[in-house]
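Since the structure comes first, as structure tokens, the remarks are kept for the end.
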Amino acid sequence: MNLRLLLPLIAATALLGLLFVGLGMNSRDLPSPLVGKPAPAFSLEALEDAQRIVTEQDFIGEVSLVNVWATWCSTCRSEKPLLMELARGGIPIHAFNYRDERDAALRYLDVSGNPYQTVAFDPRGDAGIDWGVYATPETYVLDADGVIRYKRIGPLSRQLLLDEVLPLVEKLRDEQQRNEARRVAQS
Amino acid sequence: MKRPMMISLLGLPLWLVAGFAMALALGQPLEFESEAQQRQYDSLVRELRCTVCQSETIHESNAELAADMRRRVYEMTLAGHDGDAIIDFMVQRYGDYVRYRPPLQANTYLLWASPFLLLFGGIIAWWRIIVGRRSMPQRPDFTEQERAQLEQLRNDGSPRRM
């Protein structure tokens with residue numbers, strides 16, 4: 001009989017527990033299946049020069065960031081100073097200009113500074129789908145071999161850079177040096 | 001009639017035309033080479049979730065990303081990819097999350113089993129209640145003494161017959 005009285009209590013507690021855990025989860029935190037995979041192939045015009053074709057090979061070569069941005073995206077504007085700092089600090093940043101207008105994008109970079117080494121112009125979001133872009137801004141970290149090692153959906157923050165991105169860049173650069181040393185030793 | 005009202009009434013046809021043009025632009029009919037392609041497209045856009053507006057399929061959603069995904073499904077369908085290949089393509093980029101019909105795999109076993117588990121639990125509870133009721137005596141049994149008391153109660157307060 002005791003069990004019968006306890007049962008509703010246990011059930012209610014279990015349900016409350018479940019709901020409580022659910023509260024703490026963020027349904028916007030989406031896993032990215034691309035982490036650990038090579039940078040997806042694409043072929044787009046360069047933002048500055050419609051005649052020049054940019055591919056994923058232009059993003060690969062050293063540890064770098066790939067930032068997805070647009071002029072209509074206000075969060076992109078607010079994370080821009082951080083990107084400028086990173087660029088000044090010697091971290092190469094490449095970018096997709098996502099669903100934007102060329103003139104507006106060029107004017108924007110002209111006025112507020114350009115932290116990007118390469119900007120691929122993606123007005124129709126074609127490469128966006130290949131790179132699994134949900135919404136701007138997004139930032140990827142590529143290692144020297146062009147494998148995606150990290151993805152941030154949403155704006156960067158100083159805290160996030162200090163806690164996650166910069167240590168990862170350090171680690172990947174060490175990896176790169178070790179790999180190169182091994183290659184030299186082997187040849 | 002007041003002037004602003006007149007102006008807005010005169011403007012009405014313009015608004016209607018603009019709205020109509022917009023509706024056309026949104027719902028351009030797509031052309032397919034075969035009916036099978038059309039069917040594949042129609043079923044796929046209702047099976048893929050729009051990742052920025054999470055409770056809508058890409059068929060329902062007005063988000064730009066959904067439009068991009070629809071266009072990609074359309075292009076891949078025309079290029080001859082079958083439905084599974086297109087879903088795989090989306091899953092590789094956006095994760096299992098884009099599927100409205102989750103696949104049966106290690107982390108979804110519980111999800112798939114839950115309706116059956118609930119049904120099973122319900123049957124057990126129902127069974128126990130039924131059995132509990134059965135074991136209750138249909139008619140209360142009284143001892144001789146109780147019968148005598150009942151008889152007395154029944155007769156109490158009323159004139160004794162006979």
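Chain labels run A, B, ... following the order of the structure tokens; each chain numbers its residues from 1, and ligands are numbered from 1 in the order shown.
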
Could you give me, as CSV, a per-residue list for chain A showing, wherever an atom lies at most 7 Å from an atom of chain B, the closest pair of atoms and their distance in Å to one decimal, using only C-alpha atoms and sorting by chain then residue number from low to high?
```
residue,atom,partner,partner_atom,distance
A:Pro31,CA,B:Gly95,CA,6.9
A:Ser32,CA,B:Gly95,CA,6.4
A:Pro33,CA,B:Gly95,CA,5.4
A:Leu34,CA,B:Arg93,CA,6.2
A:Gly125,CA,B:Asp68,CA,6.6
A:Asp130,CA,B:Arg93,CA,6.5
A:Trp131,CA,B:Arg93,CA,6.5
A:Gly132,CA,B:Arg93,CA,4.6
A:Tyr134,CA,B:Val52,CA,6.2
```

Please produce a file of those selected residues containing N, CA and C atoms, as an mmCIF file, in the first residue's frame.
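Produced file out-v2.cif, reproduced below:
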```cif
data_model
loop_
_atom_site.group_PDB
_atom_site.id
_atom_site.type_symbol
_atom_site.label_atom_id
_atom_site.label_comp_id
_atom_site.auth_asym_id
_atom_site.auth_seq_id
_atom_site.Cartn_x
_atom_site.Cartn_y
_atom_site.Cartn_z
ATOM 1 N N PRO A 31 23.868 20.813 -33.336
ATOM 2 C CA PRO A 31 25.160 20.194 -33.581
ATOM 3 C C PRO A 31 25.566 20.431 -35.033
ATOM 4 N N SER A 32 26.831 20.596 -35.273
ATOM 5 C CA SER A 32 27.240 20.702 -36.665
ATOM 6 C C SER A 32 27.926 19.422 -37.097
ATOM 7 N N PRO A 33 27.323 18.720 -38.049
ATOM 8 C CA PRO A 33 27.933 17.473 -38.501
ATOM 9 C C PRO A 33 29.183 17.721 -39.320
ATOM 10 N N LEU A 34 29.477 18.997 -39.615
ATOM 11 C CA LEU A 34 30.620 19.293 -40.483
ATOM 12 C C LEU A 34 31.942 19.340 -39.721
ATOM 13 N N GLY A 125 23.299 32.212 -51.636
ATOM 14 C CA GLY A 125 23.416 31.245 -50.545
ATOM 15 C C GLY A 125 23.732 29.835 -51.012
ATOM 16 N N ASP A 130 26.088 24.319 -48.819
ATOM 17 C CA ASP A 130 27.168 23.331 -48.770
ATOM 18 C C ASP A 130 27.935 23.395 -47.458
ATOM 19 N N TRP A 131 28.024 24.601 -46.907
ATOM 20 C CA TRP A 131 28.741 24.762 -45.638
ATOM 21 C C TRP A 131 27.806 24.655 -44.440
ATOM 22 N N GLY A 132 26.562 24.306 -44.685
ATOM 23 C CA GLY A 132 25.617 24.124 -43.579
ATOM 24 C C GLY A 132 25.372 25.397 -42.791
ATOM 25 N N TYR A 134 23.333 28.183 -41.117
ATOM 26 C CA TYR A 134 21.964 28.398 -40.652
ATOM 27 C C TYR A 134 21.601 29.863 -40.816
#
```

At most 9 Å is the cut-off: for each residue in segment 10-93 of chain A with any atom that close to an atom of segment 98-116 of chain A, write down the nearest atom pair and the distance in Å rounded to one decimal, counting only C-alpha atoms, chain first then increasing number, as JSON lines.
```
{"residue": "A:Leu47", "atom": "CA", "partner": "A:Arg102", "partner_atom": "CA", "distance": 6.5}
{"residue": "A:Glu48", "atom": "CA", "partner": "A:Leu106", "partner_atom": "CA", "distance": 7.1}
{"residue": "A:Val66", "atom": "CA", "partner": "A:Tyr116", "partner_atom": "CA", "distance": 9.0}
{"residue": "A:Asn67", "atom": "CA", "partner": "A:Tyr116", "partner_atom": "CA", "distance": 8.7}
{"residue": "A:Val68", "atom": "CA", "partner": "A:Tyr98", "partner_atom": "CA", "distance": 6.4}
{"residue": "A:Trp69", "atom": "CA", "partner": "A:Tyr98", "partner_atom": "CA", "distance": 5.8}
{"residue": "A:Ala70", "atom": "CA", "partner": "A:Tyr98", "partner_atom": "CA", "distance": 5.4}
{"residue": "A:Thr71", "atom": "CA", "partner": "A:Ala105", "partner_atom": "CA", "distance": 5.9}
{"residue": "A:Trp72", "atom": "CA", "partner": "A:Asp100", "partner_atom": "CA", "distance": 7.5}
{"residue": "A:Lys80", "atom": "CA", "partner": "A:Pro115", "partner_atom": "CA", "distance": 8.2}
{"residue": "A:Pro81", "atom": "CA", "partner": "A:Pro115", "partner_atom": "CA", "distance": 9.0}
{"residue": "A:Leu83", "atom": "CA", "partner": "A:Pro115", "partner_atom": "CA", "distance": 6.2}
{"residue": "A:Met84", "atom": "CA", "partner": "A:Pro115", "partner_atom": "CA", "distance": 5.0}
{"residue": "A:Glu85", "atom": "CA", "partner": "A:Pro115", "partner_atom": "CA", "distance": 8.2}
{"residue": "A:Leu86", "atom": "CA", "partner": "A:Pro115", "partner_atom": "CA", "distance": 8.1}
{"residue": "A:Ala87", "atom": "CA", "partner": "A:Pro115", "partner_atom": "CA", "distance": 5.5}
{"residue": "A:Arg88", "atom": "CA", "partner": "A:Pro115", "partner_atom": "CA", "distance": 7.9}
{"residue": "A:Pro92", "atom": "CA", "partner": "A:Tyr116", "partner_atom": "CA", "distance": 7.3}
{"residue": "A:Ile93", "atom": "CA", "partner": "A:Tyr116", "partner_atom": "CA", "distance": 5.0}
```

Item to complete: Identify, on the basis of only C-alpha atoms, every residue whose closest approach to Val165 of chain A does not exceed 10 Å; exclude the query and any residue fewer than 2 positions from it along the same chain; express the result as a list in words.
Response: Leu65, Thr139, Tyr140, Val141, Tyr150, Lys151, Arg152, Leu156, Arg158, Gln159, Leu160, Leu161, Leu162, Asp163, Pro167, Leu168, Val169, Glu170 and Lys171 of chain A

Practice prompt. Go through chain A and collect every residue that DSSP, computed from the backbone, puts in strand (DSSP E); the answer should be as a ChimeraX atom specification.
Written response: /A:43-46,53-55,64-69,93-98,118-122,138-142,148-153

Could you turn the residues from that selection into a file that holds C-alpha atoms, as a JSON list (two decimals), in the first residue's frame?
```json
[["chain", "number", "residue", "atom", "x", "y", "z"],
["A", 43, "SER", "CA", 33.32, 28.00, -56.52],
["A", 44, "LEU", "CA", 32.24, 31.63, -56.28],
["A", 45, "GLU", "CA", 33.22, 35.05, -57.54],
["A", 46, "ALA", "CA", 35.50, 37.10, -55.32],
["A", 53, "ILE", "CA", 36.97, 32.78, -58.94],
["A", 54, "VAL", "CA", 37.43, 31.80, -55.30],
["A", 55, "THR", "CA", 37.32, 28.15, -54.23],
["A", 64, "SER", "CA", 42.39, 30.16, -40.33],
["A", 65, "LEU", "CA", 38.90, 31.38, -39.55],
["A", 66, "VAL", "CA", 36.04, 31.46, -42.00],
["A", 67, "ASN", "CA", 33.38, 34.02, -41.18],
["A", 68, "VAL", "CA", 29.93, 34.21, -42.78],
["A", 69, "TRP", "CA", 28.58, 37.75, -42.84],
["A", 93, "ILE", "CA", 40.27, 35.28, -41.75],
["A", 94, "HIS", "CA", 38.41, 34.31, -44.89],
["A", 95, "ALA", "CA", 34.76, 35.00, -45.45],
["A", 96, "PHE", "CA", 31.54, 34.33, -47.27],
["A", 97, "ASN", "CA", 29.54, 37.42, -48.04],
["A", 98, "TYR", "CA", 26.17, 35.76, -47.69],
["A", 118, "THR", "CA", 39.59, 36.41, -49.07],
["A", 119, "VAL", "CA", 35.90, 37.16, -49.47],
["A", 120, "ALA", "CA", 33.75, 34.84, -51.55],
["A", 121, "PHE", "CA", 30.59, 36.48, -52.85],
["A", 122, "ASP", "CA", 27.58, 34.21, -52.29],
["A", 138, "GLU", "CA", 28.79, 32.00, -38.29],
["A", 139, "THR", "CA", 32.45, 31.30, -37.81],
["A", 140, "TYR", "CA", 34.45, 28.18, -38.64],
["A", 141, "VAL", "CA", 37.99, 27.29, -37.65],
["A", 142, "LEU", "CA", 39.92, 25.42, -40.32],
["A", 148, "ILE", "CA", 36.70, 22.14, -40.14],
["A", 149, "ARG", "CA", 37.62, 21.88, -36.47],
["A", 150, "TYR", "CA", 35.11, 24.19, -34.86],
["A", 151, "LYS", "CA", 31.95, 26.01, -35.71],
["A", 152, "ARG", "CA", 30.23, 28.83, -33.94],
["A", 153, "ILE", "CA", 26.64, 29.60, -34.90]]
```

Item to complete: From the DSSP assignment of the backbone, select every residue of segment 35-87 of chain A that is alpha helix (DSSP H), and format the answer as number ranges by chain.
Response: A: 74-87

Discussion item. Would you pick out the contacts of segment 180-182 of chain A at 12 Å or less, using only C-alpha atoms, so that residues sharing its chain but fewer than 6 positions from it are not included, and give the list as a ChimeraX atom specification?
Written reply: /A:62,144-145,173-174

Next, write the just-selected residues to a file, as a short mmCIF file (atom, residue, chain, number, x, y, z; two decimals), in the first residue's frame, keeping C-alpha atoms as the atom set.
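Output file out00.cif follows:
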```cif
data_model
loop_
_atom_site.label_atom_id
_atom_site.label_comp_id
_atom_site.auth_asym_id
_atom_site.auth_seq_id
_atom_site.Cartn_x
_atom_site.Cartn_y
_atom_site.Cartn_z
CA GLU A 62 47.23 27.66 -42.72
CA ALA A 144 46.11 23.80 -41.99
CA ASP A 145 44.81 20.85 -43.98
CA ARG A 173 49.23 25.69 -35.11
CA ASP A 174 51.28 23.38 -32.89
#
```
